[in-house]
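Structure file final.txt (compact mmCIF, C-alpha atoms and all ligand atoms) is printed below.
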```txt
# COMPACT_ATOMS: atom_id res chain seq x y z
CA MET A 1 4.46 -17.26 1.91
CA ILE A 2 0.90 -15.89 2.05
CA PRO A 3 0.89 -12.60 3.91
CA LYS A 4 -1.47 -12.24 6.83
CA THR A 5 -3.62 -9.45 8.17
CA LEU A 6 -4.00 -8.88 11.90
CA LEU A 7 -6.29 -6.31 13.50
CA PHE A 8 -5.96 -5.39 17.17
CA VAL A 9 -7.74 -2.87 19.39
CA SER A 10 -6.53 -1.40 22.69
CA VAL A 11 -7.09 1.30 25.28
CA SER A 12 -4.57 4.15 25.28
CA ARG A 13 -2.61 5.12 28.37
CA LEU A 14 -1.32 8.28 26.70
CA HIS A 15 -2.73 11.50 28.06
CA PRO A 16 -2.36 15.18 27.25
CA PRO A 17 -0.10 17.06 27.40
CA GLY A 18 2.39 15.20 25.30
CA GLU A 19 -0.05 12.69 23.87
CA SER A 20 0.34 13.88 20.31
CA GLU A 21 4.16 13.87 20.50
CA GLN A 22 4.20 10.39 22.05
CA LEU A 23 1.95 9.08 19.33
CA GLN A 24 4.18 10.64 16.70
CA ALA A 25 7.20 8.93 18.28
CA ILE A 26 5.42 5.54 18.16
CA VAL A 27 4.74 6.04 14.45
CA GLU A 28 8.26 7.20 13.57
CA GLN A 29 9.97 4.35 15.42
CA GLY A 30 7.38 1.86 14.25
CA ARG A 31 7.85 2.83 10.62
CA ASN A 32 11.52 1.78 10.70
CA ARG A 33 10.95 -1.43 12.57
CA ASN A 34 8.00 -2.38 10.38
CA ARG A 35 10.05 -1.83 7.24
CA SER A 36 12.71 -4.19 8.51
CA LEU A 37 10.03 -6.76 9.38
CA GLY A 38 8.23 -6.39 6.02
CA ILE A 39 5.09 -5.17 7.79
CA ASN A 40 2.71 -2.40 6.84
CA ALA A 41 0.75 -0.87 9.72
CA THR A 42 -2.29 1.38 9.59
CA LEU A 43 -3.16 2.95 12.94
CA VAL A 44 -6.17 4.95 14.11
CA ALA A 45 -6.55 6.71 17.47
CA ALA A 46 -9.92 8.04 18.62
CA ARG A 47 -11.03 9.08 22.12
CA GLY A 48 -8.47 6.99 23.97
CA ARG A 49 -8.92 3.94 21.76
CA PHE A 50 -6.42 2.46 19.31
CA ALA A 51 -7.02 0.15 16.38
CA GLU A 52 -4.23 -1.04 14.12
CA VAL A 53 -4.16 -3.20 11.01
CA LEU A 54 -0.90 -5.07 10.44
CA ASP A 55 -0.18 -6.71 7.08
CA GLY A 56 2.88 -8.92 6.66
CA PRO A 57 4.50 -12.33 7.05
CA GLU A 58 3.13 -14.38 9.96
CA GLU A 59 6.48 -14.71 11.73
CA SER A 60 7.00 -10.92 11.66
CA LEU A 61 3.48 -10.33 12.95
CA GLN A 62 4.11 -12.62 15.92
CA THR A 63 7.42 -10.88 16.71
CA LEU A 64 5.83 -7.44 16.57
CA MET A 65 2.72 -8.43 18.53
CA ALA A 66 4.90 -9.70 21.40
CA SER A 67 6.35 -6.17 21.67
CA ILE A 68 2.99 -4.47 21.23
CA ARG A 69 1.31 -6.61 23.91
CA ALA A 70 4.08 -5.72 26.38
CA ASP A 71 3.92 -1.97 25.68
CA PRO A 72 2.80 0.02 28.76
CA ARG A 73 1.51 2.87 26.59
CA HIS A 74 -1.74 0.97 26.13
CA GLU A 75 -3.76 -1.84 27.75
CA GLN A 76 -6.47 -4.40 26.91
CA VAL A 77 -4.62 -5.28 23.70
CA THR A 78 -7.11 -7.54 21.93
CA THR A 79 -6.59 -9.28 18.58
CA VAL A 80 -9.97 -9.26 16.88
CA LEU A 81 -9.10 -10.53 13.41
CA HIS A 82 -6.31 -12.66 11.96
CA GLN A 83 -6.70 -13.87 8.41
CA ASP A 84 -5.00 -14.26 5.03
CA TYR A 85 -4.20 -10.94 3.42
CA GLN A 86 -7.12 -10.01 1.17
CA ALA A 87 -6.73 -6.37 0.26
CA ALA A 88 -6.89 -5.36 -3.37
CA ARG A 89 -3.34 -4.03 -3.49
CA PRO A 90 -0.19 -5.38 -1.92
CA ALA A 91 0.66 -3.49 1.25
CA GLY A 92 3.62 -1.16 1.26
CA SER A 93 5.80 -1.40 4.27
CA GLY A 94 6.02 0.99 7.15
CA MET A 95 3.49 2.65 9.35
CA GLU A 96 0.87 5.34 8.95
CA LEU A 97 -1.41 7.10 11.43
CA VAL A 98 -4.50 7.58 9.26
CA TYR A 99 -6.77 9.09 11.92
CA ARG A 100 -6.27 10.83 15.24
CA GLY A 101 -9.15 12.76 16.72
CA GLU A 102 -12.43 12.79 18.54
CA SER A 103 -14.66 10.88 16.13
CA LEU A 104 -17.43 9.18 18.10
CA TYR A 105 -18.15 6.98 15.10
CA ILE A 106 -14.62 5.56 15.06
CA ALA A 107 -14.45 5.21 18.86
CA ARG A 108 -17.77 3.35 18.84
CA SER A 109 -16.46 1.04 16.14
CA ILE A 110 -13.61 0.04 18.46
CA THR A 111 -15.11 -0.05 21.98
CA PRO A 112 -17.46 -3.06 21.60
CA LEU A 113 -14.52 -5.13 20.32
CA LEU A 114 -12.61 -4.53 23.56
CA GLU A 115 -15.37 -6.24 25.46
CA ALA A 116 -16.37 -8.98 23.03
CA THR A 117 -15.13 -12.53 23.39
CA PRO A 118 -13.97 -14.44 20.31
CA ALA A 119 -17.01 -16.71 20.66
CA ASP A 120 -19.30 -13.73 20.32
CA ARG A 121 -21.22 -14.05 17.06
CA ASP A 122 -21.27 -10.29 16.45
CA GLN A 123 -17.55 -9.97 17.07
CA ALA A 124 -16.45 -11.20 13.64
CA ALA A 125 -18.85 -8.88 11.84
CA LEU A 126 -17.76 -5.87 13.90
CA ALA A 127 -14.10 -6.70 13.30
CA ALA A 128 -14.71 -6.97 9.53
CA GLN A 129 -16.45 -3.58 9.56
CA LEU A 130 -13.59 -1.98 11.48
CA LEU A 131 -11.06 -3.46 9.04
CA PHE A 132 -13.02 -1.97 6.14
CA LEU A 133 -13.17 1.42 7.86
CA ILE A 134 -9.41 1.51 8.52
CA ARG A 135 -8.66 0.45 4.93
CA GLU A 136 -10.91 3.28 3.68
CA LEU A 137 -9.19 5.83 5.94
CA GLY A 138 -5.83 4.65 4.59
CA LYS A 139 -6.75 5.21 0.96
CA GLY A 140 -4.99 7.97 -0.91
CA PRO A 141 -6.63 10.23 -3.52
CA ASP A 142 -5.72 7.83 -6.34
CA ASP A 143 -6.99 4.62 -4.72
C1 LIG B 1 -1.07 1.43 19.64
C2 LIG B 1 0.37 1.06 19.39
C3 LIG B 1 0.74 0.62 18.13
C4 LIG B 1 2.06 0.28 17.86
N1 LIG B 1 2.40 -0.14 16.60
C5 LIG B 1 3.68 -0.46 16.33
C6 LIG B 1 4.06 -0.88 15.02
O1 LIG B 1 3.27 -0.99 14.08
N2 LIG B 1 5.38 -1.17 14.82
C7 LIG B 1 6.32 -1.07 15.81
O2 LIG B 1 7.49 -1.37 15.56
N3 LIG B 1 5.97 -0.68 17.05
C8 LIG B 1 4.69 -0.35 17.32
N4 LIG B 1 4.36 0.07 18.58
C9 LIG B 1 5.43 0.14 19.59
C10 LIG B 1 5.71 -1.25 20.15
O3 LIG B 1 4.73 -1.54 21.15
C11 LIG B 1 7.11 -1.37 20.76
O4 LIG B 1 7.32 -0.36 21.71
C12 LIG B 1 8.20 -1.25 19.72
O5 LIG B 1 7.94 -2.11 18.63
C13 LIG B 1 9.59 -1.61 20.31
O6 LIG B 1 9.57 -2.94 20.73
P1 LIG B 1 10.48 -3.45 21.95
O7 LIG B 1 10.06 -2.62 23.12
O8 LIG B 1 10.13 -4.92 22.10
O9 LIG B 1 11.88 -3.19 21.52
C14 LIG B 1 3.03 0.40 18.87
C15 LIG B 1 2.65 0.83 20.14
C16 LIG B 1 1.34 1.18 20.41
C17 LIG B 1 0.96 1.66 21.78
```

The structure in this file should be written as structure tokens.
Ligand SMILES: Cc1cc2nc3c(=O)[nH]c(=O)nc-3n(C[C@H](O)[C@H](O)[C@H](O)COP(=O)(O)O)c2cc1C
Amino acid sequence: MIPKTLLFVSVSRLHPPGESEQLQAIVEQGRNRNRSLGINATLVAARGRFAEVLDGPEESLQTLMASIRADPRHEQVTTVLHQDYQAARPAGSGMELVYRGESLYIARSITPLLEATPADRDQAALAAQLLFLIRELGKGPDD
């Protein structure tokens, strides 16, 4: 089966204090569940915005997205890209938080996608740019 890539953006409902610990808990629990689903997730969090790339089998992505959409820890969960897996290397499986901080650049790469409609001509280009950015942030020193 051809693996798929899904990119979603959302607005965080986590607030300090405790935000960092709650985010860590999401990643630790998510890592185990993703492994069992054969999914690799790459998450970024900037200025109250989330963006996550999910790579894995379509059925697993649908199962996980049903949980993610119902999660009260964020809102405005918007899928902005869903395509065949095209990265250079096969994804591992698990979950990694590759950025958490106050980057305006990253936040501004996410915010317009929360408001765009799928019919928006710029939406696809913005989503492709955000995917590229998250892939870059996820690269290790040897990639
Ligand atoms: C921004 C964000 C990203 C998440 N990413 C994942 C993920 O990659 N894998 C995962 O298992 N849960 C992830 N979660 C948690 C899920 O929404 C959900 O709580 C968890 O999968 C348990 O699902 P359940 O409540 O249906 O049992 C994420 C939550 C948030 C807020």

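Between CA of Ser103 (chain A) and CA of Arg31 (chain A) lies a distance of 24.5 Å.
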
Which chain A residues have any atom within 9 Å of an atom of ligand LIG 1 (chain B), and for each, what is the nearest pair of atoms with distance in Å to one decimal, counting all atoms listed in the file, rows sorted by chain and number, as JSON lines?
```
{"residue": "A:Phe8", "atom": "CA", "partner": "B:LIG1", "partner_atom": "C1", "distance": 8.7}
{"residue": "A:Val9", "atom": "CA", "partner": "B:LIG1", "partner_atom": "C1", "distance": 7.9}
{"residue": "A:Ser10", "atom": "CA", "partner": "B:LIG1", "partner_atom": "C1", "distance": 6.9}
{"residue": "A:Val11", "atom": "CA", "partner": "B:LIG1", "partner_atom": "C1", "distance": 8.3}
{"residue": "A:Ser12", "atom": "CA", "partner": "B:LIG1", "partner_atom": "C17", "distance": 7.0}
{"residue": "A:Arg13", "atom": "CA", "partner": "B:LIG1", "partner_atom": "C17", "distance": 8.3}
{"residue": "A:Leu14", "atom": "CA", "partner": "B:LIG1", "partner_atom": "C17", "distance": 8.6}
{"residue": "A:Leu23", "atom": "CA", "partner": "B:LIG1", "partner_atom": "C17", "distance": 7.9}
{"residue": "A:Ile26", "atom": "CA", "partner": "B:LIG1", "partner_atom": "C9", "distance": 5.6}
{"residue": "A:Val27", "atom": "CA", "partner": "B:LIG1", "partner_atom": "C5", "distance": 6.8}
{"residue": "A:Glu28", "atom": "CA", "partner": "B:LIG1", "partner_atom": "C7", "distance": 8.8}
{"residue": "A:Gln29", "atom": "CA", "partner": "B:LIG1", "partner_atom": "O2", "distance": 6.2}
{"residue": "A:Gly30", "atom": "CA", "partner": "B:LIG1", "partner_atom": "C7", "distance": 3.5}
{"residue": "A:Arg31", "atom": "CA", "partner": "B:LIG1", "partner_atom": "N2", "distance": 6.3}
{"residue": "A:Asn32", "atom": "CA", "partner": "B:LIG1", "partner_atom": "O2", "distance": 7.1}
{"residue": "A:Arg33", "atom": "CA", "partner": "B:LIG1", "partner_atom": "O2", "distance": 4.6}
{"residue": "A:Asn34", "atom": "CA", "partner": "B:LIG1", "partner_atom": "N2", "distance": 5.3}
{"residue": "A:Arg35", "atom": "CA", "partner": "B:LIG1", "partner_atom": "O2", "distance": 8.7}
{"residue": "A:Leu37", "atom": "CA", "partner": "B:LIG1", "partner_atom": "O2", "distance": 8.6}
{"residue": "A:Ile39", "atom": "CA", "partner": "B:LIG1", "partner_atom": "O1", "distance": 7.8}
{"residue": "A:Asn40", "atom": "CA", "partner": "B:LIG1", "partner_atom": "O1", "distance": 7.4}
{"residue": "A:Ala41", "atom": "CA", "partner": "B:LIG1", "partner_atom": "O1", "distance": 5.0}
{"residue": "A:Thr42", "atom": "CA", "partner": "B:LIG1", "partner_atom": "O1", "distance": 7.5}
{"residue": "A:Leu43", "atom": "CA", "partner": "B:LIG1", "partner_atom": "C3", "distance": 6.9}
{"residue": "A:Val44", "atom": "CA", "partner": "B:LIG1", "partner_atom": "C1", "distance": 8.3}
{"residue": "A:Ala45", "atom": "CA", "partner": "B:LIG1", "partner_atom": "C1", "distance": 7.9}
{"residue": "A:Arg49", "atom": "CA", "partner": "B:LIG1", "partner_atom": "C1", "distance": 8.5}
{"residue": "A:Phe50", "atom": "CA", "partner": "B:LIG1", "partner_atom": "C1", "distance": 5.5}
{"residue": "A:Ala51", "atom": "CA", "partner": "B:LIG1", "partner_atom": "C1", "distance": 6.9}
{"residue": "A:Glu52", "atom": "CA", "partner": "B:LIG1", "partner_atom": "C3", "distance": 6.6}
{"residue": "A:Val53", "atom": "CA", "partner": "B:LIG1", "partner_atom": "O1", "distance": 8.3}
{"residue": "A:Leu54", "atom": "CA", "partner": "B:LIG1", "partner_atom": "O1", "distance": 6.9}
{"residue": "A:Thr63", "atom": "CA", "partner": "B:LIG1", "partner_atom": "O8", "distance": 8.5}
{"residue": "A:Leu64", "atom": "CA", "partner": "B:LIG1", "partner_atom": "O5", "distance": 6.1}
{"residue": "A:Met65", "atom": "CA", "partner": "B:LIG1", "partner_atom": "O3", "distance": 7.6}
{"residue": "A:Ala66", "atom": "CA", "partner": "B:LIG1", "partner_atom": "O8", "distance": 7.1}
{"residue": "A:Ser67", "atom": "CA", "partner": "B:LIG1", "partner_atom": "O8", "distance": 4.0}
{"residue": "A:Ile68", "atom": "CA", "partner": "B:LIG1", "partner_atom": "O3", "distance": 3.4}
{"residue": "A:Arg69", "atom": "CA", "partner": "B:LIG1", "partner_atom": "O3", "distance": 6.7}
{"residue": "A:Ala70", "atom": "CA", "partner": "B:LIG1", "partner_atom": "O3", "distance": 6.7}
{"residue": "A:Asp71", "atom": "CA", "partner": "B:LIG1", "partner_atom": "O3", "distance": 4.6}
{"residue": "A:Pro72", "atom": "CA", "partner": "B:LIG1", "partner_atom": "C17", "distance": 7.4}
{"residue": "A:Arg73", "atom": "CA", "partner": "B:LIG1", "partner_atom": "C17", "distance": 5.0}
{"residue": "A:His74", "atom": "CA", "partner": "B:LIG1", "partner_atom": "C17", "distance": 5.2}
{"residue": "A:Glu75", "atom": "CA", "partner": "B:LIG1", "partner_atom": "C17", "distance": 8.4}
{"residue": "A:Val77", "atom": "CA", "partner": "B:LIG1", "partner_atom": "C1", "distance": 8.6}
{"residue": "A:Gly94", "atom": "CA", "partner": "B:LIG1", "partner_atom": "O1", "distance": 7.7}
{"residue": "A:Met95", "atom": "CA", "partner": "B:LIG1", "partner_atom": "O1", "distance": 6.0}
{"residue": "A:Glu96", "atom": "CA", "partner": "B:LIG1", "partner_atom": "O1", "distance": 8.5}
```

- Take the point (-2.4, -6.9, 8.6) in the file's coordinates, draw a sphere of radius 10 Å around it, and report as a ChimeraX atom specification every protein, DNA or RNA residue with an atom inside or on it, counting only C-alpha atoms. /A:3-8,39-42,52-58,61,81-87,91,131

- Message: So the first atom is CA of Leu97 (chain A) and the second is CA of Leu114 (chain A); what is the distance between them in Å, to one decimal place?
- Response: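 Pair CA of Leu97 (chain A) / CA of Leu114 (chain A) returns 20.2 Å.
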
- Item | Pick from A:Glu19, A:Ala124, A:Gln24, A:Glu59, whichever lies nearest to Met1 (chain A) using all atoms listed in the file |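 The closest residue to Met1 (chain A) is A:Glu59.
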
- What separates CA of Gln123 (chain A) and CA of Leu137 (chain A) is a distance of 21.1 Å

- Which residue, A:Gln62, A:Ser93, A:Gln129, A:Gln76, has the smallest gap to Ser36 (chain A) when you use only C-alpha atoms?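 So, comparing all the options, the nearest one is A:Ser93.
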
- Query: Which neighbours of Ala88 (chain A) fall inside 12 Å, counting all atoms listed in the file, when residues of the same chain fewer than 5 positions from it are skipped, and could you give them as a ChimeraX atom specification?
  - Reply: /A:132,135-136,139,143

- Query: Looking at A:Ala25, A:Ile106, A:Leu113, A:Val98, which one is nearest to Thr79 (chain A), with distances taken over all atoms listed in the file?
  - Reply: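 The answer is A:Leu113, which sits nearest to Thr79 (chain A).
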
Taking all atoms of region 48-54 of chain A that the file lists, what box with edges along x, y and z, padded by 6 Å per side, do you get, with centre and edge lengths in Å to one decimal, as AutoDock Vina command-line options?
```
--center_x -4.9 --center_y 1.0 --center_z 17.2 --size_x 20.0 --size_y 24.1 --size_z 25.5
```

- Go through A:Ile2, A:Val80, A:Ile110, A:Ala119 one by one, measure the shortest atom-to-atom distance of each to Leu133 (chain A) using only C-alpha atoms, and give the residue with the smallest value.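 When distances to Leu133 (chain A) are compared using only C-alpha atoms, the smallest one comes from A:Ile110.
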